[in-house]
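File shown here: upload.csv, holding CSV, C-alpha atoms.
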chain,number,residue,atom,x,y,z
A,1,MET,CA,112.3,130.1,127.0
A,2,LEU,CA,111.8,127.5,124.3
A,3,ILE,CA,109.9,125.3,126.7
A,4,HIS,CA,107.8,128.2,128.0
A,5,ASP,CA,107.0,129.3,124.4
A,6,THR,CA,106.2,125.7,123.3
A,7,SER,CA,103.8,125.2,126.2
A,8,LEU,CA,102.0,128.4,125.4
A,9,ILE,CA,101.5,127.4,121.7
A,10,PHE,CA,100.7,123.8,122.7
A,11,GLY,CA,98.1,125.1,125.2
A,12,ARG,CA,96.5,127.3,122.6
A,13,TYR,CA,96.0,124.6,120.1
A,14,VAL,CA,94.9,122.0,122.7
A,15,ARG,CA,92.1,124.4,123.9
A,16,GLN,CA,91.2,124.9,120.2
A,17,THR,CA,91.0,121.1,119.7
A,18,LEU,CA,88.9,120.5,122.8
A,19,ARG,CA,86.3,122.9,121.5
A,20,SER,CA,85.9,120.7,118.4
A,21,ARG,CA,84.7,117.2,119.3
A,22,PHE,CA,84.1,116.6,115.6
A,23,GLN,CA,87.8,116.9,115.0
A,24,ILE,CA,88.7,114.6,117.8
A,25,PHE,CA,86.5,111.7,116.8
A,26,PHE,CA,86.0,112.1,113.1
A,27,GLY,CA,89.6,111.5,112.3
A,28,ILE,CA,89.4,107.9,113.6
A,29,LEU,CA,86.5,107.0,111.3
A,30,MET,CA,88.5,105.6,108.4
A,31,PRO,CA,90.7,103.2,110.5
A,32,LEU,CA,87.5,102.0,112.3
A,33,LEU,CA,85.8,101.2,109.0
A,34,TYR,CA,88.8,99.2,108.0
A,35,LEU,CA,88.8,97.5,111.4
A,36,PHE,CA,85.1,96.6,111.3
A,37,PHE,CA,84.6,95.8,107.7
A,38,PHE,CA,88.0,94.6,106.4
A,39,GLY,CA,89.4,92.9,109.5
A,40,PRO,CA,86.9,90.1,109.6
A,41,LEU,CA,87.8,89.2,106.0
A,42,LEU,CA,91.3,88.3,107.2
A,43,THR,CA,90.4,86.0,110.0
A,44,GLY,CA,91.9,82.6,109.6
A,45,LEU,CA,93.8,83.5,106.4
A,46,PRO,CA,97.6,82.8,106.1
A,47,LEU,CA,99.1,86.2,106.0
A,48,GLY,CA,102.7,85.1,105.9
A,49,SER,CA,103.5,86.9,109.2
A,50,THR,CA,103.8,86.0,112.9
A,51,GLY,CA,100.7,86.5,114.9
A,52,ASP,CA,97.0,86.3,114.0
A,53,SER,CA,95.2,88.6,111.5
A,54,TRP,CA,94.4,91.2,114.2
A,55,GLN,CA,98.1,91.4,115.2
A,56,VAL,CA,98.9,92.1,111.6
A,57,LEU,CA,96.1,94.5,110.7
A,58,VAL,CA,95.9,96.7,113.8
A,59,PRO,CA,99.5,97.9,113.8
A,60,GLY,CA,99.0,99.0,110.2
A,61,LEU,CA,95.8,100.8,111.0
A,62,LEU,CA,97.6,102.7,113.8
A,63,LEU,CA,100.2,104.0,111.5
A,64,GLN,CA,97.6,104.7,108.8
A,65,LEU,CA,95.9,106.9,111.4
A,66,ALA,CA,99.1,108.9,111.8
A,67,LEU,CA,99.9,108.8,108.1
A,68,PHE,CA,96.7,110.4,106.8
A,69,GLY,CA,95.9,112.4,109.9
A,70,ALA,CA,99.2,114.1,110.3
A,71,SER,CA,99.8,114.6,106.6
A,72,PHE,CA,96.8,116.9,106.3
A,73,THR,CA,97.4,119.0,109.4
A,74,GLY,CA,99.0,121.7,107.2
A,75,PHE,CA,95.5,122.8,106.1
A,76,ALA,CA,95.2,124.6,109.5
A,77,VAL,CA,98.2,126.8,108.6
A,78,ILE,CA,96.7,127.7,105.2
A,79,ILE,CA,93.5,128.8,107.0
A,80,GLU,CA,95.5,130.7,109.6
A,81,GLN,CA,97.4,132.5,106.8
A,82,SER,CA,94.2,133.5,105.1
A,83,THR,CA,92.7,134.8,108.3
A,84,GLY,CA,95.7,136.7,109.4
A,85,VAL,CA,96.7,134.6,112.4
A,86,VAL,CA,100.1,133.8,111.0
A,87,GLU,CA,100.8,137.5,110.4
A,88,ARG,CA,99.9,138.3,114.1
A,89,MET,CA,102.3,135.6,115.3
A,90,ARG,CA,105.1,137.0,113.2
A,91,VAL,CA,105.3,140.2,115.4
A,92,THR,CA,105.5,138.3,118.7
A,93,PRO,CA,108.8,137.4,120.3
A,94,VAL,CA,107.8,133.7,120.5
A,95,SER,CA,110.5,131.2,119.3
A,96,ARG,CA,109.8,130.0,115.7
A,97,LEU,CA,110.8,126.5,116.8
A,98,ALA,CA,108.1,126.7,119.5
A,99,LEU,CA,105.5,127.7,116.9
A,100,LEU,CA,106.2,124.4,115.2
A,101,LEU,CA,106.7,122.2,118.3
A,102,GLY,CA,103.5,123.5,120.0
A,103,ARG,CA,101.5,122.5,116.9
A,104,VAL,CA,103.1,119.1,116.3
A,105,LEU,CA,102.9,118.1,120.0
A,106,ARG,CA,99.2,118.9,120.0
A,107,ASP,CA,98.8,116.7,116.9
A,108,ALA,CA,100.8,113.9,118.5
A,109,LEU,CA,98.6,114.0,121.6
A,110,LEU,CA,95.4,114.0,119.5
A,111,PHE,CA,96.4,111.1,117.3
A,112,MET,CA,97.7,109.0,120.2
A,113,PHE,CA,94.3,109.5,121.9
A,114,GLN,CA,92.6,108.3,118.8
A,115,ALA,CA,95.1,105.4,118.6
A,116,VAL,CA,93.9,104.4,122.2
A,117,LEU,CA,90.3,104.4,121.0
A,118,LEU,CA,91.3,102.3,118.0
A,119,VAL,CA,93.1,99.7,120.1
A,120,LEU,CA,90.1,99.5,122.5
A,121,ALA,CA,87.8,98.8,119.5
A,122,ALA,CA,90.2,96.2,118.2
A,123,LEU,CA,90.3,94.5,121.6
A,124,ALA,CA,86.5,94.2,121.4
A,125,MET,CA,86.9,92.7,117.9
A,126,GLY,CA,89.4,90.0,119.1
A,127,LEU,CA,92.8,91.6,119.2
A,128,ARG,CA,95.2,90.1,121.8
A,129,ALA,CA,98.5,91.8,122.3
A,130,PRO,CA,100.9,92.3,125.2
A,131,LEU,CA,100.6,95.7,127.0
A,132,PRO,CA,104.3,96.6,126.3
A,133,GLY,CA,103.8,96.0,122.6
A,134,VAL,CA,100.7,98.2,122.6
A,135,LEU,CA,102.6,101.0,124.3
A,136,VAL,CA,105.5,100.6,121.7
A,137,GLY,CA,102.8,101.0,119.0
A,138,PHE,CA,101.6,104.3,120.6
A,139,GLY,CA,105.3,105.5,120.7
A,140,PHE,CA,105.6,104.9,116.9
A,141,VAL,CA,102.3,106.7,116.3
A,142,GLY,CA,103.6,109.7,118.2
A,143,LEU,CA,107.0,109.8,116.4
A,144,LEU,CA,105.3,109.4,113.0
A,145,THR,CA,102.9,112.2,113.8
A,146,VAL,CA,105.6,114.6,114.8
A,147,SER,CA,107.5,113.8,111.6
A,148,LEU,CA,104.6,114.1,109.1
A,149,ALA,CA,103.0,117.0,110.8
A,150,SER,CA,106.3,119.0,110.7
A,151,LEU,CA,106.6,118.3,107.0
A,152,SER,CA,102.9,119.1,106.4
A,153,TYR,CA,103.2,122.5,108.1
A,154,ALA,CA,106.4,123.2,106.2
A,155,LEU,CA,104.6,122.5,102.9
A,156,ALA,CA,101.7,124.6,104.0
A,157,MET,CA,104.0,127.6,104.5
A,158,LYS,CA,105.2,127.2,100.9
A,159,VAL,CA,101.8,127.1,99.2
A,160,ARG,CA,98.9,129.5,99.4
A,161,THR,CA,95.7,127.6,98.7
A,162,PRO,CA,94.1,124.3,99.7
A,163,GLN,CA,93.9,123.5,95.9
A,164,GLU,CA,97.7,123.4,95.8
A,165,PHE,CA,98.2,121.6,99.1
A,166,GLY,CA,95.7,118.8,98.8
A,167,PRO,CA,96.9,117.2,95.5
A,168,VAL,CA,100.5,117.1,96.7
A,169,ILE,CA,99.6,115.4,99.9
A,170,ASN,CA,97.4,112.8,98.2
A,171,SER,CA,100.1,112.0,95.6
A,172,LEU,CA,102.5,111.2,98.5
A,173,THR,CA,100.3,109.5,101.0
A,174,MET,CA,98.5,107.0,98.8
A,175,PRO,CA,101.8,105.4,97.4
A,176,ALA,CA,103.2,105.4,100.9
A,177,MET,CA,100.2,103.5,102.2
A,178,LEU,CA,100.3,101.0,99.3
A,179,LEU,CA,104.0,100.4,99.5
A,180,SER,CA,104.4,100.2,103.3
A,181,GLY,CA,102.2,97.2,103.8
A,182,LEU,CA,99.8,98.9,106.2
A,183,MET,CA,96.9,96.6,105.3
A,184,LEU,CA,98.8,93.4,104.5
A,185,PRO,CA,102.4,92.3,104.8
A,186,MET,CA,104.4,93.1,101.6
A,187,THR,CA,105.8,89.6,101.7
A,188,LEU,CA,102.5,88.4,100.3
A,189,GLY,CA,103.2,90.3,97.0
A,190,PRO,CA,105.7,89.6,94.2
A,191,ALA,CA,109.4,89.9,95.0
A,192,TRP,CA,109.9,93.2,93.1
A,193,LEU,CA,107.1,94.9,95.1
A,194,ASP,CA,108.6,93.6,98.4
A,195,VAL,CA,112.0,95.1,97.4
A,196,LEU,CA,110.5,98.4,96.3
A,197,SER,CA,108.6,98.7,99.6
A,198,HIS,CA,112.0,98.8,101.5
A,199,PHE,CA,112.6,102.3,100.0
A,200,THR,CA,109.5,103.5,101.9
A,201,PRO,CA,110.4,104.5,105.5
A,202,PHE,CA,107.0,103.5,106.8
A,203,ARG,CA,107.6,99.8,105.9
A,204,TYR,CA,110.2,99.7,108.8
A,205,LEU,CA,107.8,101.2,111.3
A,206,VAL,CA,105.0,98.8,110.3
A,207,ASP,CA,107.3,95.7,110.7
A,208,ALA,CA,108.5,97.0,114.1
A,209,VAL,CA,105.0,97.5,115.5
A,210,ARG,CA,103.9,94.1,114.2
A,211,ASP,CA,106.8,92.5,116.0
A,212,ALA,CA,105.9,94.4,119.2
A,213,TYR,CA,102.3,93.2,119.0
A,214,VAL,CA,103.4,89.6,119.2
A,215,GLY,CA,105.8,90.3,122.0
A,216,SER,CA,109.1,90.3,120.0
A,217,TYR,CA,111.1,93.4,121.0
A,218,ALA,CA,114.8,92.5,120.4
A,219,THR,CA,114.5,92.0,116.7
A,220,ALA,CA,116.1,93.5,113.6
A,221,HIS,CA,112.7,94.9,112.6
A,222,MET,CA,112.5,96.7,115.9
A,223,LEU,CA,116.0,98.1,115.6
A,224,TYR,CA,115.5,99.3,112.1
A,225,GLY,CA,112.1,100.7,113.0
A,226,VAL,CA,113.3,102.7,115.9
A,227,ALA,CA,116.3,104.0,114.0
A,228,VAL,CA,114.2,105.1,111.0
A,229,ALA,CA,111.5,106.7,113.1
A,230,LEU,CA,114.0,108.8,115.2
A,231,ALA,CA,116.0,109.8,112.1
A,232,PHE,CA,112.8,110.7,110.2
A,233,ALA,CA,111.5,112.8,113.1
A,234,LEU,CA,114.8,114.6,113.5
A,235,LEU,CA,115.0,115.4,109.8
A,236,ALA,CA,111.3,116.5,109.6
A,237,VAL,CA,111.5,118.8,112.6
A,238,THR,CA,114.8,120.3,111.2
A,239,VAL,CA,113.1,121.0,107.8
A,240,GLY,CA,110.0,122.4,109.4
A,241,THR,CA,111.9,124.7,111.8
A,242,ARG,CA,114.0,126.0,108.9
A,243,VAL,CA,110.9,126.8,106.8
A,244,PHE,CA,109.2,128.5,109.7
A,245,ARG,CA,112.3,130.6,110.4
A,246,ARG,CA,112.7,131.7,106.8
A,247,ALA,CA,109.1,132.5,106.5
A,248,GLY,CA,109.1,134.5,109.7
A,249,ALA,CA,106.1,132.4,110.9

Starting from the file, give its structure as structure tokens.
Amino acid sequence: MLIHDTSLIFGRYVRQTLRSRFQIFFGILMPLLYLFFFGPLLTGLPLGSTGDSWQVLVPGLLLQLALFGASFTGFAVIIEQSTGVVERMRVTPVSRLALLLGRVLRDALLFMFQAVLLVLAALAMGLRAPLPGVLVGFGFVGLLTVSLASLSYALAMKVRTPQEFGPVINSLTMPAMLLSGLMLPMTLGPAWLDVLSHFTPFRYLVDAVRDAYVGSYATAHMLYGVAVALAFALLAVTVGTRVFRRAGA
């Protein structure tokens, strides 16, 4: 029943997304701007990491795509609450977990598609990375999307207006981006900043994907990255499901 309900909700939101090409392609604009206008500035610079500048930058841009895209997905729930969609869903027998999973799986599919477009653009710019490493990167994008989208929907169920939702998300995503080393390795900064970044879960994901992009898979970074990504996804889905059930979504 859960699988059946999830597929129904997933199909509904996929069809909704396919009707909005603007949503599909506009979300990738910011990472592409960083790729085209920031990436060339790093060419040939010593970045204190294995691999060339593209193997350092592109993994960060992939996770940036998931970080900012998935964090703001909760806006859709706020709109649905204001238009009565959530109220209509409350009277259906559909599993509350399916209502969450159907949404976040659609989001994971969308951002992984955008990640493919980003990598193709990066290849044209000069990126060279092994195919298994690229696939590992897509896996991390999917896990991070599931995690952040679940938390975003949970927060959206707790607030009533975009004016409440937006500032909270901005106050969380910007420090996360700066401390996780998405743009440049944190080892380039002072020691205290490098230490502080280890308290941000995204740091471990970035390091793991960068290792994958240079063909290193059996590393401590990869082990920590996979463990943190799975634990974060499990925690986020648990929190999101509990909020949806209590709210009768």

- Suppose you want the space between atom CA of Arg160 of chain A and atom CA of Ser147 of chain A; what is it in Å? 21.7 Å

Please identify all polymer residues within 6 Å of Val146 of chain A, counting all atoms listed in the file, omitting same-chain residues fewer than 3 positions from it, and present them as a PDB file with C-alpha atoms, keeping the file's coordinate frame.
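Wrote it out as result20.pdb, contents follow:
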ATOM      1  CA  VAL A 104     103.100 119.100 116.300  1.00  0.00           C
ATOM      2  CA  LEU A 143     107.000 109.800 116.400  1.00  0.00           C
ATOM      3  CA  ALA A 149     103.000 117.000 110.800  1.00  0.00           C
TER       4      ALA A 149
END

- Message: Please report the interatomic distance between atom CA of Leu196 of chain A and atom CA of Met174 of chain A in Å with one decimal.
- Response: 15.0 Å

- Task: Skip Ile78 of chain A itself and residues of its chain fewer than 4 positions away, then list as an MDAnalysis selection string all residues within 8 Å of it, counting all atoms listed in the file.
- Result: chainID A and resid 74 82 156:157 159:162

- Message: With only C-alpha atoms as the counted atoms, please give the residues lying no more than 10 Å from Phe68 of chain A, apart from itself and same-chain residues fewer than 3 positions off, as a PyMOL selection string.
- Response: chain A and resi 27+30+63-65+71-73+145+148-149+169-170+173-174+177

- Who sits within 10 Å of Tyr217 of chain A, only C-alpha atoms, same chain under 4 positions skipped, as number ranges by chain: A: 132-133, 136, 208-213, 221-223

Those same residues, written as a short mmCIF file (atom, residue, chain, number, x, y, z; two decimals), keeping the file's coordinate frame with C-alpha atoms?
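And here is the file that came out, result.cif:
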data_model
loop_
_atom_site.label_atom_id
_atom_site.label_comp_id
_atom_site.auth_asym_id
_atom_site.auth_seq_id
_atom_site.Cartn_x
_atom_site.Cartn_y
_atom_site.Cartn_z
CA PRO A 132 104.30 96.60 126.30
CA GLY A 133 103.80 96.00 122.60
CA VAL A 136 105.50 100.60 121.70
CA ALA A 208 108.50 97.00 114.10
CA VAL A 209 105.00 97.50 115.50
CA ARG A 210 103.90 94.10 114.20
CA ASP A 211 106.80 92.50 116.00
CA ALA A 212 105.90 94.40 119.20
CA TYR A 213 102.30 93.20 119.00
CA HIS A 221 112.70 94.90 112.60
CA MET A 222 112.50 96.70 115.90
CA LEU A 223 116.00 98.10 115.60
#

- Out of A:Val243, A:Val206, A:Leu32, A:Val77, which residue has the shortest atom-to-atom distance to Phe140 of chain A when counting only C-alpha atoms? A:Val206

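Distance-wise, atom CA of Met112 of chain A and atom CA of Phe138 of chain A end up 6.1 Å apart.
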